[in-house]
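Q: What follows is a single structure, and I will ask about it in a moment.
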Amino acid sequence: MRQIVLDTETTGLEPELGHRIIEIAGVELVNRRFTGNDFHRYFNPGRESEAGALEVHGLTAEFLSDKPKFRDVAAEFLDFMGGAELVIHNSAFDVAFLNRELDLAELKPVTEYCLGIVDTLRLAKDLHPGKRNGLDALCERYQIDNSARTLHGALLDARLLAEVYLSMTRGQESLVMESEPILASAAAPEAAHGKLDLVVIRATSDELAEHARILRDIDNVSKGACLWRKLEQA
């Protein structure tokens, strides 16, 4: 399972008013493990950032003046994220900007290139209703060190979000663990010859309830693709 945890920084809040992406980063996870194969680029938007946005990310027009246009890097970006599931916090915001940039580059919408999109803000609201679910609040809740986040930056935020996402969905780990073959010659003699007396410990009602809760979370994140739940309902 290949996932790209994605974040952007922009000149403002409204792509339809001409605001542009100025930074984008993607952190690759394969089977819920960081691969180190990340994508990070700055862009020259051809315009100034709004004052409020500049206070958030600190990326000045002078700094961005020698950076490429988004359209010049679009093919490289699509090659990186193509065929993966995207993980984005408040995905509607980033996807709107991505689609605007892709449209200006005469390319298809982002959903035409990825397998799907997981919105971690929606997931967090489902898991923690009524609580603050911004990235800083989630880092605090899951005890993830965000002390370096003095300003918003796409690469740092994508890495923090990846840690948050893995913590929120830790029940999925058993689905992607790589199985290792056990050689008969390395097994205990008793087990190899069927002489081992096994003690069966039944799950308690609390454990069964927790198991059901985790399966529901997995089913929500995978959009109904949880195999265990399908087998239970069959």
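Residue numbering restarts at 1 for every chain of the structure tokens, chains are lettered A, B, ... in their displayed order, and ligands are numbered from 1 as they appear.
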Could you give me, as a count of residues only, the residues within 10 Å of A:Val95, counting only C-alpha atoms and dropping anything in the same chain fewer than 2 positions from it?
A: 16
Q: Near A:Val118, within 12 Å and counting only C-alpha atoms, which residues show up once chain neighbours fewer than 5 positions away are dropped, as a PDB file with C-alpha atoms, in the first residue's frame?
A:
ATOM      1  CA  GLN A   3       0.391   6.561   0.348  1.00  0.00           C
ATOM      2  CA  ILE A   4       1.559  10.152  -0.079  1.00  0.00           C
ATOM      3  CA  VAL A   5       0.997  12.481   2.868  1.00  0.00           C
ATOM      4  CA  LEU A   6       0.612  15.874   1.195  1.00  0.00           C
ATOM      5  CA  ALA A  84      -0.921   6.423  -4.634  1.00  0.00           C
ATOM      6  CA  GLU A  85      -3.554   7.231  -2.029  1.00  0.00           C
ATOM      7  CA  LEU A  86      -3.243  10.835  -0.843  1.00  0.00           C
ATOM      8  CA  VAL A  87      -3.470  11.715   2.848  1.00  0.00           C
ATOM      9  CA  ILE A  88      -4.312  15.407   3.373  1.00  0.00           C
ATOM     10  CA  HIS A  89      -5.493  17.469   6.344  1.00  0.00           C
ATOM     11  CA  ASN A  90      -8.573  19.454   5.275  1.00  0.00           C
ATOM     12  CA  SER A  91      -8.281  18.003   1.798  1.00  0.00           C
ATOM     13  CA  ALA A  92     -10.886  20.323   0.240  1.00  0.00           C
ATOM     14  CA  VAL A  95      -7.323  19.799  -3.624  1.00  0.00           C
ATOM     15  CA  THR A 111      -8.318  12.655  -8.539  1.00  0.00           C
ATOM     16  CA  LEU A 123     -11.015  11.310  10.393  1.00  0.00           C
ATOM     17  CA  ALA A 124      -9.937  13.326  13.453  1.00  0.00           C
ATOM     18  CA  LEU A 161       0.781  14.814   9.580  1.00  0.00           C
ATOM     19  CA  ALA A 162       2.187  11.427   8.586  1.00  0.00           C
ATOM     20  CA  TYR A 165      -2.118   9.747  10.651  1.00  0.00           C
ATOM     21  CA  THR A 169      -4.953   4.616  12.399  1.00  0.00           C
ATOM     22  CA  ILE A 218     -10.236   0.767   9.607  1.00  0.00           C
ATOM     23  CA  ASN A 220     -14.033   4.205   7.751  1.00  0.00           C
ATOM     24  CA  VAL A 221     -10.481   5.063   6.672  1.00  0.00           C
ATOM     25  CA  SER A 222     -10.458   2.466   3.871  1.00  0.00           C
ATOM     26  CA  LYS A 223     -13.926   3.558   2.668  1.00  0.00           C
TER      27      LYS A 223
END
Q: Among the residues of stretch 4-204 of chain A, find those DSSP assigns to alpha helix (DSSP H) from the backbone and print them as a VMD selection string.
A: chain A and resid 51 to 57 61 to 64 70 to 81 91 to 104 120 to 127 135 to 141 154 to 168 173 to 176 189 to 192
Q: Listing only residues of stretch 95-166 of chain A within 9 Å of stretch 47-56 of chain A, what is the closest atom pair and its distance in Å (to one decimal) for each, using only C-alpha atoms, sorted by chain and residue number ascending, as a Markdown table?
A:
| residue | atom | partner | partner_atom | distance |
| --- | --- | --- | --- | --- |
| A:Leu151 | CA | A:Val56 | CA | 5.9 |
| A:His152 | CA | A:Val56 | CA | 5.8 |
| A:Gly153 | CA | A:Val56 | CA | 8.8 |
Q: Given the selection you just returned, output its residues as a file containing N, CA, C and O atoms, formatted as a compact mmCIF listing (two decimals), in the first residue's frame.
A:
# COMPACT_ATOMS: atom_id res chain seq x y z
N LEU A 151 6.91 28.25 12.07
CA LEU A 151 6.14 28.69 10.91
C LEU A 151 5.61 27.46 10.20
O LEU A 151 6.17 26.37 10.34
N HIS A 152 4.56 27.64 9.42
CA HIS A 152 4.06 26.53 8.62
C HIS A 152 5.01 26.29 7.45
O HIS A 152 5.43 27.22 6.77
N GLY A 153 5.36 25.04 7.24
CA GLY A 153 6.16 24.65 6.09
C GLY A 153 5.64 23.34 5.56
O GLY A 153 5.34 22.43 6.35
Q: Pick out the residues sitting within 12 Å of A:Ser167, and hand them over as a ChimeraX atom specification; count only C-alpha atoms, and ignore anything fewer than 6 positions along from it in its own chain.
A: /A:32,120,123-124,127,138-144,160-161,173
Q: Okay, now the selection with N, CA and C atoms, as a PDB file, in the first residue's frame?
A:
ATOM      1  N   ARG A  32       2.669   1.633   5.491  1.00  0.00           N
ATOM      2  CA  ARG A  32       2.689   2.397   6.743  1.00  0.00           C
ATOM      3  C   ARG A  32       4.099   2.637   7.265  1.00  0.00           C
ATOM      4  N   THR A 120      -7.619  13.672   6.785  1.00  0.00           N
ATOM      5  CA  THR A 120      -7.328  13.418   8.196  1.00  0.00           C
ATOM      6  C   THR A 120      -8.116  14.341   9.118  1.00  0.00           C
ATOM      7  N   LEU A 123     -11.303  12.471   9.553  1.00  0.00           N
ATOM      8  CA  LEU A 123     -11.015  11.310  10.393  1.00  0.00           C
ATOM      9  C   LEU A 123     -10.862  11.731  11.848  1.00  0.00           C
ATOM     10  N   ALA A 124     -10.145  12.846  12.085  1.00  0.00           N
ATOM     11  CA  ALA A 124      -9.937  13.326  13.453  1.00  0.00           C
ATOM     12  C   ALA A 124     -11.254  13.740  14.089  1.00  0.00           C
ATOM     13  N   LEU A 127     -13.053  10.678  15.181  1.00  0.00           N
ATOM     14  CA  LEU A 127     -12.432  10.028  16.335  1.00  0.00           C
ATOM     15  C   LEU A 127     -12.518  10.879  17.591  1.00  0.00           C
ATOM     16  N   LEU A 138      -3.514  17.962  17.293  1.00  0.00           N
ATOM     17  CA  LEU A 138      -3.353  16.514  17.114  1.00  0.00           C
ATOM     18  C   LEU A 138      -1.956  16.059  17.523  1.00  0.00           C
ATOM     19  N   CYS A 139      -0.953  16.878  17.223  1.00  0.00           N
ATOM     20  CA  CYS A 139       0.402  16.528  17.668  1.00  0.00           C
ATOM     21  C   CYS A 139       0.455  16.446  19.191  1.00  0.00           C
ATOM     22  N   GLU A 140      -0.176  17.397  19.860  1.00  0.00           N
ATOM     23  CA  GLU A 140      -0.223  17.372  21.325  1.00  0.00           C
ATOM     24  C   GLU A 140      -0.978  16.146  21.821  1.00  0.00           C
ATOM     25  N   ARG A 141      -2.099  15.827  21.170  1.00  0.00           N
ATOM     26  CA  ARG A 141      -2.930  14.706  21.615  1.00  0.00           C
ATOM     27  C   ARG A 141      -2.188  13.379  21.479  1.00  0.00           C
ATOM     28  N   TYR A 142      -1.412  13.245  20.395  1.00  0.00           N
ATOM     29  CA  TYR A 142      -0.720  11.981  20.147  1.00  0.00           C
ATOM     30  C   TYR A 142       0.756  12.032  20.539  1.00  0.00           C
ATOM     31  N   GLN A 143       1.127  13.096  21.285  1.00  0.00           N
ATOM     32  CA  GLN A 143       2.480  13.230  21.843  1.00  0.00           C
ATOM     33  C   GLN A 143       3.556  13.160  20.745  1.00  0.00           C
ATOM     34  N   ILE A 144       3.331  13.946  19.700  1.00  0.00           N
ATOM     35  CA  ILE A 144       4.285  14.063  18.601  1.00  0.00           C
ATOM     36  C   ILE A 144       4.972  15.419  18.712  1.00  0.00           C
ATOM     37  N   LEU A 160       4.844  15.758  10.009  1.00  0.00           N
ATOM     38  CA  LEU A 160       4.065  15.714  11.250  1.00  0.00           C
ATOM     39  C   LEU A 160       2.709  15.055  11.008  1.00  0.00           C
ATOM     40  N   LEU A 161       2.085  15.402   9.893  1.00  0.00           N
ATOM     41  CA  LEU A 161       0.781  14.814   9.580  1.00  0.00           C
ATOM     42  C   LEU A 161       0.896  13.311   9.376  1.00  0.00           C
ATOM     43  N   GLU A 173      -2.099  -1.501  11.445  1.00  0.00           N
ATOM     44  CA  GLU A 173      -0.747  -2.028  11.303  1.00  0.00           C
ATOM     45  C   GLU A 173      -0.734  -3.525  11.027  1.00  0.00           C
TER      46      GLU A 173
END
Q: Could you tell me how far atom CA of A:Asp94 lies from atom CA of A:Arg20, in Å and to one decimal?
A: 10.7 Å
